[in-house]
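Encoded as structure tokens, the structure appears first; notes follow it.
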There are 2 protein chains.
Amino acid sequence: CGTVKSTFFFFTSFAVLFLQMGWGDLGAFGEPSKETPNLDQMASEGMLFLDFYTANPLCSPSRAALLTGRLPVRNGFYTTNGHARNAYTPQDIVGGIPDSELLLPELLKKAGYVNKIIGKWHLGHRPQFHPLKHGFDEWFGSPNCHFGPFDNRALPNIPVYRDWEMIGRYYEDFKIDLKTGEANLTQIYLQEALDFINKQQASQQPFFLYWAIDATHAPVYASKYFLGTSQRGLYGDALREIDDSVGKILKHLQKLGISENTFVFFTSDNGAALISAPKQGGSNGRFLCGKQTTFEGGMREPAIAWWPGHIPAGGVSHQLGNVMDLFTTSLSLAGLQPPSDRQIDGIDLLPTILQGKLIDRPIFYYRGNEMMAVRVGLYKAHYWTWSNSWEEYSKGIDFCPGQNVSGVTTHTQEEHTTLPLLFHLGRDPGEKYPLSFASDEYQRAMERVAVVVQQHKATLVPGVPQLNVCDQAVMNWSPPGCEKLGKCLKPPKSDPKKCFWPH
Amino acid sequence: CGTVKSTFFFFTSFAVLFLQMGWGDLGAFGEPSKETPNLDQMASEGMLFLDFYTANPLCSPSRAALLTGRLPVRNGFYTTNGHARNAYTPQDIVGGIPDSELLLPELLKKAGYVNKIIGKWHLGHRPQFHPLKHGFDEWFGSPNCHFGPFDNRALPNIPVYRDWEMIGRYYEDFKIDLKTGEANLTQIYLQEALDFINKQQASQQPFFLYWAIDATHAPVYASKYFLGTSQRGLYGDALREIDDSVGKILKHLQKLGISENTFVFFTSDNGAALISAPKQGGSNGRFLCGKQTTFEGGMREPAIAWWPGHIPAGGVSHQLGNVMDLFTTSLSLAGLQPPSDRQIDGIDLLPTILQGKLIDRPIFYYRGNEMMAVRVGLYKAHYWTWSNSWEEYSKGIDFCPGQNVSGVTTHTQEEHTTLPLLFHLGRDPGEKYPLSFASDEYQRAMERVAVVVQQHKATLVPGVPQLNVCDQAVMNWSPPGCEKLGKCLKPPKSDPKKCFWPH
């Protein structure tokens with residue numbers, strides 16, 4: 001429906017560059033070192049989104065949301081083990097992306113797309129959750145975070161897959177030197193992307209490239225060439241390498257003459273992890289707190305749409321966007337309809353990107369099973385506040401280092417459902433000054449917000465939570481392909497338990 | 001000396017746009033509303049300075065430093081009434097800019113320049129301190145901040161001057177509606193600038209325009225057309241009007257065909273005043289604290305050099321710069337030597353601006369009579385820390401709202417002279433993570449810093465402090481021209497006292 005879609009039908013490829021970095025990490029977003037010339041140029045050639053969000057302040061649920069177009073509370077990427085707890089997919093997680101969820105690559109495949117994921121999958125590592133069972137045609141990367149090195153006894157090292165089979169493990173076959181921070185992985189991931197683009201260009205097939213690399217996730221690494229080159233330390237080195245890689249991918253598309261047929265979107269899965277700051281953590285600019293929290297620092301993300309010849313250069317948008325919109329927008333570009341048998345939270349951003357339209361839609365900030373906050377227009381209402389527990393905080397775990405807003409960055413889960421804390425994000429993007437409950441502005445804004453929340457809650461059908469059960473037996477002991485490499489490990493006896501989620 | 005200077009000798013005009021706004025207020029520096037398209041374009045056409053500083057975290061001393069090229073502790077714009085206290089020029093100040101100081105317009109005048117100040121002078125309001133006695137040929141604006149309205153009994157309303165004589169007073173003849181925030185002043189100041197440029201272009205004389213307007217200083221105002229247009233509230237309205245005005249000035253220079261002969265520099269006199277946030281206060285981005293403090297939020301400033309045909313478009317510089325450099329750089333452009341009979345702190349930025357050279361120089365952060373901190377390369381060492389007193393803080397005066405870095409944003413004056421607190425501003429621009437005293441990095445960096453500080457202190461000859469004595473009799477009771485307007489007021493009896501400076 002609509003002329004825009006049919007124009008590009010059957011030939012627009014997509015690349016989604018999905019990383020972990022903070023809103024403030026890009027020069028274009030005010031990072032004082034301004035060390036991201038390629039991303040800044042991408043922004044100046046495309047459209048910069050200033051009010052773009054992830055669907056969750058943690059990695060796995062965000063990735064599930066991007067690929068399904070649905071909130072984690074719907075697609076199952078959440079836990080009910082505790083109230084408002086962040087959960088993800090460590091090696092002992094039993095769950096993963098349910099078969100009942102329809103992923104973007106599954107839908108694109110039917111329209112003739114070839115889909116490749118490069119980097120971190122993070123939607124479950126047991127056989128039934130393998131990305132090639134969920135629409136991807138190719139994979140180079142790992143199912144989990146690159147934590148380690150492990151001893152292969154208590155914990156196996158994370159496997160690296162090429163397509164169906166593992167081809168080695170991190171720290172063993174894919175080196176990461178935690179002492180120096182050196183690893184060649186981003187270069188390998190870059191080459192994978194360029195090779196894939198070459199192949200697709202040669203075969204004239206439209207493609208979906210999901211480049212989900214994780215060099216800025218702790219433990220942070222960079223290749224030798226970039227080590228020590230940033231003012232910002234190791235994190236900056238990693239960021240500079242990613243920036244350089246993004247530049248090379250875009251230039252490659254241009255060199256091959258397919259940039260006008262390739263819609264590229266860059267964004268992030270959650271805010272910068274301030275617990276890793278300053279040496280391994282990024283920047284959320286002036287926003288409050290970071291990863292793990294539902295403050296702006298946890299969920300507002302840098303975002304750039306790039307599509308030369310279609311998106312006017314230098315555009316800036318205040319459209320409230322969400323990673324889930326990439327699902328719907330990509331389908332729209334491919335001339336496909338989103339599934340009609342389920343609630344899709346993503347919206348089609350093409351009217352915004354191509355015609356500058358602003359679409360009224362809320363942003364929901366969830367932590368696990370709880371809607372912590374909602375943004376409607378420039379107002380953000382917190383129904384619950386929590387940074388982390390006193391117990392964790394007293395151990396030095398601080399999601400808001402150097403930031404403490406009384407009554408806002410609380411260390412107990414504070415309920416405000418009867419009288420939400422309300423902020424005006426235009427005047428107060430740092431969420432420091434709650435509006436007076438007695439003010440006219442509060443009353444007027446909350447009337448509008450309350451309708452949105454009431455409608456959302458009344459129609460919400462939560463999915464079966466996938467991140468409740470953990471079992472050491474399900475770890476990456478013997479991924480497919482381990483026999484050929486002599487890298488199969490013996491799993492311990494199965495002993496499923498409720499996962500413990502502290503945050 | 002040097003070919004660059006002689007090339008432009010006798011025909012390069014200057015405009016210095018000197019405002020009060022925070023580093024983070026510009027879209028180009030990451031303000032999330034991105035409402036400064038003209039300043040952002042100025043940056044993209046010129047050179048953006050990311051590490052540019054003011055000489056003092058308060059208005060008057062910064063302005064004295066810009067016009068003399070000297071630290072306030074040398075030019076007398078400081079107080080010794082207390083340790084490390086910020087002082088400025090309220091109406092009862094007895095002091096002002098000493099005759100012994102050589103101001104930029106005085107020097108330029110000898111080279112045939114016509115000099116105009118539009119806006120806030122702030123270097124003393126008694127007759128001997130009048131800007132036309134210190135090198136300016138024309139003035140439209142006020143000697144002090146636009147505080148008020150006053151009752152003309154305890155305090156007179158601030159006069160507005162045209163050249164030698166006052167032409168009215170704020171709130172009486174130049175309206176500022178504190179209730180609505182409406183005032184037409186920025187439009188008047190803009191028109192003054194355009195008229196002056198027209199006149200100079202017609203007479204073919206080089207000019208120095210010092211456009212020092214103060215719409216973003218509390219009480220914040222904007223003209224009717226801009227009121228309510230910003231996402232950021234009244235402060236944003238004022239900023240949008242300033243941004244629009246800057247755009248109009250630059251376009252006017254281009255329209256007249258003199259942009260290639262006019263060096264324009266935009267910067268700010270101190271960081272955003274966070275005590276006025278969120279309604280009347282700007283943003284210092286992710287930097288710590290704001291105006292009144294020697295943390296980065298108080299003294300790092302947005303800065304743009306613009307000179308089409310000379311400065312390559314889109315340049316970005318990490319040169320450590322200072323408002324005092326505008327003194328030296330302007331002299332250099334005019335083919336003049338800086339005075340050799342006194343210490344000049346400003347450096348000539350032309351090699352940086354035109355040839356991309358990086359000049360090694362420290363930044364000193366003074367509060368009154370005390371060197372609180374110094375920056376050498378990417379390291380910043382705090383010899384003293386203080387935000388404000390417990391007494392003030394307990395009354396709700398907070399220079400670091402929502403920010404509290406233990407042991408750093410102290411509420412007592414903490415001395416660290418034997419073991420300075422050291423930060424790496426590349427990894428940690430927010431000054432949250434002091435380096436470990438025991439680290440090799442600390443030892444190495446402090447060796448370098450100590451030499452710089454030792455040399456600075458050993459050669460420092462403080463000027464006679466000008467901001468020590470206050471007297472109600474010296475207020476703007478009867479400025480020149482008041483007779484013609486019937487606006488002379490009777491001064492009280494002289495009663496000089498030590499001024500009280502709480503911060």
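So you can find residues: chains in the structure tokens are A, B, ... in the order shown, residues in each start at 1, and ligands are numbered from 1 in order.
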
What are the closest atom pairs, with distances in Å to one decimal, for each residue of chain B lying within 6 Å of chain A, using only C-alpha atoms, rows by chain and rising residue number, as a tab-separated table?
residue	atom	partner	partner_atom	distance
B:Phe29	CA	A:Gly30	CA	4.2
B:Gly30	CA	A:Gly30	CA	3.8
B:Gln231	CA	A:Gly426	CA	4.8
B:Arg232	CA	A:Arg427	CA	4.0
B:Gly233	CA	A:Arg427	CA	5.8
B:Pro278	CA	A:Arg427	CA	5.8
B:Gly285	CA	A:Arg286	CA	5.2
B:Arg286	CA	A:Arg286	CA	4.6
B:Gly402	CA	A:Val405	CA	4.8
B:Gln403	CA	A:Gln403	CA	4.6
B:Asn404	CA	A:Gly402	CA	5.2
B:Val405	CA	A:Gly402	CA	4.8
B:Gly426	CA	A:Arg232	CA	4.6
B:Arg427	CA	A:Arg232	CA	4.0
B:Asp428	CA	A:Pro278	CA	5.9

Legend entry - Secondary structure check, strand (DSSP E) residues of region 254-449 of chain B, as a ChimeraX atom specification: /B:262-268,300-306,315-317,321-322,363-367,370-376,379-382,384-385,414-415,421-424

For the residues in the current selection, export N, CA and C atoms as a short mmCIF file (atom, residue, chain, number, x, y, z; two decimals), in the first residue's frame.
data_model
loop_
_atom_site.label_atom_id
_atom_site.label_comp_id
_atom_site.auth_asym_id
_atom_site.auth_seq_id
_atom_site.Cartn_x
_atom_site.Cartn_y
_atom_site.Cartn_z
N THR B 262 36.32 39.18 6.63
CA THR B 262 35.85 39.34 8.00
C THR B 262 36.02 38.02 8.76
N PHE B 263 36.85 38.08 9.75
CA PHE B 263 37.11 36.92 10.60
C PHE B 263 36.08 36.95 11.74
N VAL B 264 35.27 35.92 11.82
CA VAL B 264 34.21 35.89 12.83
C VAL B 264 34.48 34.76 13.82
N PHE B 265 34.40 35.08 15.09
CA PHE B 265 34.60 34.06 16.12
C PHE B 265 33.42 34.09 17.08
N PHE B 266 32.86 32.91 17.31
CA PHE B 266 31.75 32.77 18.24
C PHE B 266 32.22 32.00 19.47
N THR B 267 31.97 32.51 20.65
CA THR B 267 32.21 31.73 21.86
C THR B 267 31.42 32.32 23.04
N SER B 268 31.73 31.86 24.23
CA SER B 268 30.91 32.17 25.41
C SER B 268 31.79 32.59 26.59
N ARG B 300 34.65 25.17 29.96
CA ARG B 300 34.83 24.78 28.56
C ARG B 300 33.66 25.35 27.75
N GLU B 301 33.97 25.95 26.62
CA GLU B 301 32.97 26.74 25.89
C GLU B 301 32.82 26.28 24.46
N PRO B 302 31.62 26.46 23.92
CA PRO B 302 31.48 26.24 22.48
C PRO B 302 32.29 27.32 21.76
N ALA B 303 32.88 26.99 20.65
CA ALA B 303 33.71 27.97 19.93
C ALA B 303 33.79 27.60 18.45
N ILE B 304 33.59 28.61 17.63
CA ILE B 304 33.63 28.41 16.18
C ILE B 304 34.36 29.59 15.54
N ALA B 305 35.32 29.28 14.67
CA ALA B 305 35.97 30.31 13.85
C ALA B 305 35.43 30.20 12.42
N TRP B 306 35.09 31.33 11.84
CA TRP B 306 34.43 31.33 10.52
C TRP B 306 35.07 32.41 9.66
N GLY B 315 36.26 22.03 9.49
CA GLY B 315 37.41 21.70 10.32
C GLY B 315 37.04 21.52 11.78
N VAL B 316 37.81 20.70 12.44
CA VAL B 316 37.60 20.45 13.87
C VAL B 316 38.96 20.54 14.52
N SER B 317 39.06 21.25 15.62
CA SER B 317 40.37 21.40 16.26
C SER B 317 40.35 21.00 17.72
N GLY B 321 42.33 26.14 23.42
CA GLY B 321 42.14 27.56 23.13
C GLY B 321 41.55 28.28 24.31
N ASN B 322 41.60 29.59 24.27
CA ASN B 322 41.09 30.40 25.37
C ASN B 322 40.59 31.73 24.80
N ILE B 363 46.05 25.38 30.18
CA ILE B 363 44.86 26.17 30.51
C ILE B 363 44.83 26.30 32.02
N PHE B 364 44.71 27.51 32.51
CA PHE B 364 44.62 27.74 33.95
C PHE B 364 43.16 28.05 34.32
N TYR B 365 42.71 27.40 35.38
CA TYR B 365 41.34 27.59 35.85
C TYR B 365 41.42 28.36 37.17
N TYR B 366 41.10 29.61 37.11
CA TYR B 366 41.16 30.46 38.31
C TYR B 366 39.75 30.71 38.86
N ARG B 367 39.71 30.84 40.14
CA ARG B 367 38.53 31.35 40.81
C ARG B 367 39.06 32.46 41.70
N GLU B 370 42.79 32.48 43.19
CA GLU B 370 43.40 31.14 43.31
C GLU B 370 43.37 30.35 42.01
N MET B 371 44.52 29.78 41.65
CA MET B 371 44.57 28.82 40.56
C MET B 371 44.03 27.50 41.09
N MET B 372 42.80 27.21 40.70
CA MET B 372 42.14 26.01 41.22
C MET B 372 42.62 24.76 40.50
N ALA B 373 42.87 24.90 39.21
CA ALA B 373 43.20 23.72 38.40
C ALA B 373 44.00 24.14 37.19
N VAL B 374 44.61 23.16 36.55
CA VAL B 374 45.36 23.43 35.32
C VAL B 374 45.16 22.24 34.38
N ARG B 375 45.07 22.54 33.09
CA ARG B 375 45.03 21.47 32.09
C ARG B 375 46.31 21.53 31.27
N VAL B 376 46.94 20.35 31.17
CA VAL B 376 48.13 20.20 30.33
C VAL B 376 47.86 18.98 29.45
N TYR B 379 45.41 16.01 30.42
CA TYR B 379 45.32 15.88 31.88
C TYR B 379 44.87 17.19 32.52
N LYS B 380 44.01 17.06 33.50
CA LYS B 380 43.60 18.22 34.28
C LYS B 380 43.85 17.91 35.75
N ALA B 381 44.58 18.79 36.38
CA ALA B 381 44.91 18.61 37.81
C ALA B 381 44.18 19.66 38.62
N HIS B 382 43.43 19.22 39.62
CA HIS B 382 42.76 20.15 40.54
C HIS B 382 43.63 20.34 41.77
N TRP B 384 42.73 22.80 43.95
CA TRP B 384 41.68 23.10 44.91
C TRP B 384 40.35 22.66 44.30
N THR B 385 39.46 22.12 45.11
CA THR B 385 38.10 21.84 44.61
C THR B 385 37.09 22.57 45.49
N GLU B 414 38.50 22.49 49.32
CA GLU B 414 39.42 21.41 49.65
C GLU B 414 40.76 21.65 48.97
N GLU B 415 41.80 21.63 49.74
CA GLU B 415 43.13 21.84 49.19
C GLU B 415 43.77 20.51 48.79
N LEU B 421 44.24 16.30 42.53
CA LEU B 421 43.33 15.33 41.91
C LEU B 421 43.55 15.42 40.40
N LEU B 422 43.80 14.28 39.79
CA LEU B 422 44.15 14.29 38.37
C LEU B 422 43.11 13.52 37.55
N PHE B 423 42.67 14.14 36.45
CA PHE B 423 41.70 13.50 35.56
C PHE B 423 42.27 13.44 34.14
N HIS B 424 41.90 12.40 33.42
CA HIS B 424 42.22 12.30 31.99
C HIS B 424 40.95 12.69 31.22
#

Inset, instruction - Calculate the C-alpha RMSD, in Å to one decimal, after superposing chain B onto chain A by least squares over all C-alpha atoms paired in sequence order. - result: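 Result: 0.0 Å C-alpha RMSD.
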
Inset, instruction - Compare B:Cys499, B:Arg448, B:Pro312, B:Gly290 by their minimum atom-to-atom distance to Ala43 (chain B), counting only C-alpha atoms, and give me the closest one. - result: B:Pro312

Inset, instruction - Could you jot down the CA of Lys110 (chain B) to CA of Gly335 (chain B) separation for me, Å, one decimal place? - result: 11.4 Å

Legend entry - Sel. of helix (DSSP H, G or I) residues, region 44-287 of chain B, as number ranges by chain: B: 44-45, 59-68, 72-75, 104-110, 127-129, 131-133, 185-203, 234-255, 259-261, 274-276

Legend entry - Nearby residues (only C-alpha atoms) at most 9 Å from Gln41 (chain A), same-chain spacing under 4 positions excluded, as a ChimeraX atom specification: /A:28,36-37,45-46,247

Any chance you can output those residues with N, CA, C and O atoms as a PDB file, in the first residue's frame?
ATOM      1  N   ALA A  28      28.839  13.469  16.151  1.00  0.00           N
ATOM      2  CA  ALA A  28      27.608  14.139  15.734  1.00  0.00           C
ATOM      3  C   ALA A  28      26.647  14.350  16.902  1.00  0.00           C
ATOM      4  O   ALA A  28      25.763  15.198  16.846  1.00  0.00           O
ATOM      5  N   THR A  36      34.576  10.092  15.504  1.00  0.00           N
ATOM      6  CA  THR A  36      33.789   9.209  14.641  1.00  0.00           C
ATOM      7  C   THR A  36      33.488   9.893  13.306  1.00  0.00           C
ATOM      8  O   THR A  36      32.320  10.106  12.970  1.00  0.00           O
ATOM      9  N   PRO A  37      34.527  10.206  12.535  1.00  0.00           N
ATOM     10  CA  PRO A  37      34.295  10.955  11.290  1.00  0.00           C
ATOM     11  C   PRO A  37      33.389  10.226  10.299  1.00  0.00           C
ATOM     12  O   PRO A  37      32.624  10.879   9.580  1.00  0.00           O
ATOM     13  N   GLU A  45      25.186  12.765   5.477  1.00  0.00           N
ATOM     14  CA  GLU A  45      24.668  12.326   4.171  1.00  0.00           C
ATOM     15  C   GLU A  45      23.275  11.734   4.287  1.00  0.00           C
ATOM     16  O   GLU A  45      22.629  11.473   3.271  1.00  0.00           O
ATOM     17  N   GLY A  46      22.856  11.464   5.529  1.00  0.00           N
ATOM     18  CA  GLY A  46      21.562  10.817   5.713  1.00  0.00           C
ATOM     19  C   GLY A  46      20.704  11.579   6.696  1.00  0.00           C
ATOM     20  O   GLY A  46      20.705  12.807   6.722  1.00  0.00           O
ATOM     21  N   GLY A 247      32.464   3.227   7.795  1.00  0.00           N
ATOM     22  CA  GLY A 247      32.862   4.016   6.626  1.00  0.00           C
ATOM     23  C   GLY A 247      33.219   3.119   5.452  1.00  0.00           C
ATOM     24  O   GLY A 247      32.826   3.390   4.314  1.00  0.00           O
TER      25      GLY A 247
END

Inset, instruction - Skip Pro206 (chain A) itself and residues of its chain fewer than 6 positions away, then list as a ChimeraX atom specification all residues within 10 Å of it, counting only C-alpha atoms. - result: /A:10-14,108-109,111-115,197,200,261-262,334

Could you take the residues named above and write them with all heavy atoms, as a compact mmCIF listing (two decimals), in the first residue's frame?
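Full text of selection13.txt as output:
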# COMPACT_ATOMS: atom_id res chain seq x y z
N PHE A 10 11.31 -5.13 -4.47
CA PHE A 10 12.19 -6.16 -5.05
C PHE A 10 13.62 -5.74 -5.31
O PHE A 10 14.36 -6.49 -5.90
CB PHE A 10 11.61 -6.74 -6.35
CG PHE A 10 10.70 -7.89 -6.06
CD1 PHE A 10 9.45 -7.98 -6.65
CD2 PHE A 10 11.10 -8.89 -5.18
CE1 PHE A 10 8.62 -9.04 -6.38
CE2 PHE A 10 10.26 -9.96 -4.91
CZ PHE A 10 9.02 -10.03 -5.51
N PHE A 11 14.00 -4.54 -4.97
CA PHE A 11 15.42 -4.31 -5.16
C PHE A 11 16.12 -3.56 -4.04
O PHE A 11 17.32 -3.36 -4.09
CB PHE A 11 15.72 -3.66 -6.52
CG PHE A 11 15.30 -2.23 -6.63
CD1 PHE A 11 16.09 -1.21 -6.12
CD2 PHE A 11 14.12 -1.91 -7.25
CE1 PHE A 11 15.71 0.10 -6.25
CE2 PHE A 11 13.73 -0.59 -7.38
CZ PHE A 11 14.52 0.42 -6.87
N THR A 12 15.40 -3.17 -3.01
CA THR A 12 16.09 -2.49 -1.92
C THR A 12 16.68 -3.49 -0.94
O THR A 12 15.95 -4.27 -0.34
CB THR A 12 15.12 -1.56 -1.17
OG1 THR A 12 14.53 -0.68 -2.10
CG2 THR A 12 15.88 -0.77 -0.13
N SER A 13 17.98 -3.44 -0.77
CA SER A 13 18.62 -4.26 0.26
C SER A 13 18.68 -3.45 1.55
O SER A 13 18.47 -2.24 1.55
CB SER A 13 20.02 -4.65 -0.20
OG SER A 13 19.93 -5.46 -1.35
N PHE A 14 18.93 -4.15 2.65
CA PHE A 14 19.04 -3.47 3.94
C PHE A 14 20.31 -3.86 4.63
O PHE A 14 20.72 -5.02 4.56
CB PHE A 14 17.92 -3.87 4.90
CG PHE A 14 16.59 -3.95 4.27
CD1 PHE A 14 15.97 -5.18 4.08
CD2 PHE A 14 15.95 -2.80 3.83
CE1 PHE A 14 14.74 -5.25 3.48
CE2 PHE A 14 14.73 -2.87 3.22
CZ PHE A 14 14.11 -4.09 3.05
N LEU A 108 11.45 -11.73 5.06
CA LEU A 108 12.16 -11.22 3.87
C LEU A 108 12.54 -12.37 2.94
O LEU A 108 12.56 -12.21 1.71
CB LEU A 108 13.43 -10.48 4.30
CG LEU A 108 13.23 -9.13 5.02
CD1 LEU A 108 14.56 -8.57 5.49
CD2 LEU A 108 12.52 -8.12 4.10
N LYS A 109 12.84 -13.51 3.53
CA LYS A 109 13.24 -14.68 2.74
C LYS A 109 12.18 -15.02 1.71
O LYS A 109 12.48 -15.35 0.56
CB LYS A 109 13.43 -15.85 3.71
CG LYS A 109 14.34 -16.93 3.20
CD LYS A 109 14.70 -17.88 4.32
CE LYS A 109 15.71 -18.91 3.83
NZ LYS A 109 16.25 -19.68 4.96
N ALA A 111 10.36 -13.07 0.25
CA ALA A 111 10.36 -12.09 -0.83
C ALA A 111 11.68 -12.14 -1.61
O ALA A 111 11.97 -11.22 -2.38
CB ALA A 111 10.15 -10.69 -0.25
N GLY A 112 12.44 -13.22 -1.41
CA GLY A 112 13.63 -13.40 -2.22
C GLY A 112 14.90 -12.81 -1.66
O GLY A 112 15.93 -12.76 -2.35
N TYR A 113 14.86 -12.37 -0.41
CA TYR A 113 16.05 -11.79 0.18
C TYR A 113 17.01 -12.88 0.68
O TYR A 113 16.58 -13.95 1.11
CB TYR A 113 15.69 -10.91 1.38
CG TYR A 113 15.26 -9.52 0.97
CD1 TYR A 113 14.00 -9.30 0.40
CD2 TYR A 113 16.11 -8.42 1.13
CE1 TYR A 113 13.60 -8.03 0.01
CE2 TYR A 113 15.72 -7.15 0.74
CZ TYR A 113 14.45 -6.96 0.18
OH TYR A 113 14.07 -5.70 -0.20
N VAL A 114 18.30 -12.57 0.61
CA VAL A 114 19.30 -13.41 1.25
C VAL A 114 19.72 -12.68 2.53
O VAL A 114 20.05 -11.50 2.49
CB VAL A 114 20.51 -13.62 0.33
CG1 VAL A 114 21.57 -14.45 1.05
CG2 VAL A 114 20.07 -14.30 -0.95
N ASN A 115 19.66 -13.39 3.66
CA ASN A 115 19.85 -12.75 4.97
C ASN A 115 21.10 -13.25 5.66
O ASN A 115 21.31 -14.46 5.77
CB ASN A 115 18.64 -13.04 5.86
CG ASN A 115 17.33 -12.72 5.16
OD1 ASN A 115 17.13 -11.60 4.69
ND2 ASN A 115 16.45 -13.71 5.03
N ILE A 197 28.48 -8.57 0.74
CA ILE A 197 27.94 -7.55 -0.17
C ILE A 197 28.42 -7.83 -1.61
O ILE A 197 27.63 -7.79 -2.56
CB ILE A 197 28.35 -6.13 0.30
CG1 ILE A 197 27.64 -5.79 1.61
CG2 ILE A 197 28.02 -5.09 -0.77
CD1 ILE A 197 28.20 -4.57 2.34
N GLN A 200 26.46 -10.78 -3.02
CA GLN A 200 25.06 -10.45 -3.33
C GLN A 200 24.98 -9.55 -4.55
O GLN A 200 24.09 -9.70 -5.38
CB GLN A 200 24.41 -9.75 -2.13
CG GLN A 200 24.19 -10.66 -0.95
CD GLN A 200 23.68 -12.02 -1.34
OE1 GLN A 200 24.34 -13.04 -1.13
NE2 GLN A 200 22.51 -12.05 -1.96
N ASN A 261 20.44 1.54 -3.80
CA ASN A 261 19.53 0.41 -3.64
C ASN A 261 19.67 -0.25 -2.28
O ASN A 261 19.17 -1.34 -2.06
CB ASN A 261 19.80 -0.66 -4.71
CG ASN A 261 19.62 -0.10 -6.10
OD1 ASN A 261 18.93 0.89 -6.30
ND2 ASN A 261 20.26 -0.74 -7.06
N THR A 262 20.41 0.39 -1.40
CA THR A 262 20.64 -0.23 -0.09
C THR A 262 20.32 0.75 1.02
O THR A 262 20.95 1.80 1.14
CB THR A 262 22.12 -0.70 0.03
OG1 THR A 262 22.48 -1.44 -1.13
CG2 THR A 262 22.30 -1.56 1.26
N ALA A 334 10.40 -3.63 1.45
CA ALA A 334 10.38 -4.85 0.64
C ALA A 334 9.01 -5.10 0.03
O ALA A 334 8.81 -6.10 -0.66
CB ALA A 334 10.81 -6.04 1.49

Inset, instruction - Could you give me, as number ranges by chain, the residues within 12 Å of Gln91 (chain B), counting only C-alpha atoms and dropping anything in the same chain fewer than 3 positions from it? - result: B: 88, 94-96, 122-126, 142-148, 150, 154-159, 467, 469-477, 479, 499

Inset, instruction - Using CA of Asp360 (chain B) and CA of Arg444 (chain B) as the two end points, give the distance in Å to one decimal. - result: 17.2 Å

Legend entry - 6 Å contact set for Ile275 (chain A), only C-alpha atoms, chain neighbours under 2 positions out, as a list in words: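 Listing them by chain and then by number gives Ala273, Ala277, Asp398 and Phe399 of chain A.
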
What would the file look like if the residues just selected were written as an mmCIF file, in the first residue's frame with all heavy atoms?
data_model
loop_
_atom_site.group_PDB
_atom_site.id
_atom_site.type_symbol
_atom_site.label_atom_id
_atom_site.label_comp_id
_atom_site.auth_asym_id
_atom_site.auth_seq_id
_atom_site.Cartn_x
_atom_site.Cartn_y
_atom_site.Cartn_z
ATOM 1 N N ALA A 273 27.315 1.340 28.876
ATOM 2 C CA ALA A 273 27.383 0.686 30.185
ATOM 3 C C ALA A 273 28.303 1.490 31.085
ATOM 4 O O ALA A 273 29.514 1.351 31.032
ATOM 5 C CB ALA A 273 27.911 -0.738 30.025
ATOM 6 N N ALA A 277 32.749 2.319 32.829
ATOM 7 C CA ALA A 277 33.452 3.584 32.635
ATOM 8 C C ALA A 277 34.527 3.745 33.700
ATOM 9 O O ALA A 277 34.392 3.195 34.793
ATOM 10 C CB ALA A 277 32.465 4.744 32.694
ATOM 11 N N ASP A 398 27.404 0.632 40.126
ATOM 12 C CA ASP A 398 26.709 1.928 40.050
ATOM 13 C C ASP A 398 26.330 2.194 38.595
ATOM 14 O O ASP A 398 27.198 2.368 37.741
ATOM 15 C CB ASP A 398 27.650 3.029 40.578
ATOM 16 C CG ASP A 398 26.940 4.372 40.723
ATOM 17 O OD1 ASP A 398 25.772 4.477 40.309
ATOM 18 O OD2 ASP A 398 27.586 5.310 41.244
ATOM 19 N N PHE A 399 25.053 2.211 38.313
ATOM 20 C CA PHE A 399 24.598 2.453 36.944
ATOM 21 C C PHE A 399 24.526 3.950 36.626
ATOM 22 O O PHE A 399 24.233 4.323 35.495
ATOM 23 C CB PHE A 399 23.227 1.803 36.693
ATOM 24 C CG PHE A 399 23.246 0.305 36.789
ATOM 25 C CD1 PHE A 399 22.129 -0.399 37.233
ATOM 26 C CD2 PHE A 399 24.374 -0.411 36.421
ATOM 27 C CE1 PHE A 399 22.146 -1.781 37.307
ATOM 28 C CE2 PHE A 399 24.404 -1.806 36.503
ATOM 29 C CZ PHE A 399 23.278 -2.480 36.955
#

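Between Trp211 (chain A) and the candidates A:Phe174, A:Tyr189, A:Phe129, A:Tyr53, the tightest atom-to-atom separation, counting only C-alpha atoms, involves A:Tyr189.
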
Legend entry - Within 12 Å of Lys175 (chain B) using only C-alpha atoms, minus same-chain residues under 4 positions, as a list in words: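 These residues fall inside the cut-off: His146, Phe147, Gly148, Pro149, Asn157, Ile158, Val160, Gly168, Arg169, Tyr170, Tyr171, Lys179, Thr180, Gly181, Glu182, Ala183, Asn184, Leu185, Thr186, Ile188, Tyr221, Ala222 and Ser223 of chain B.
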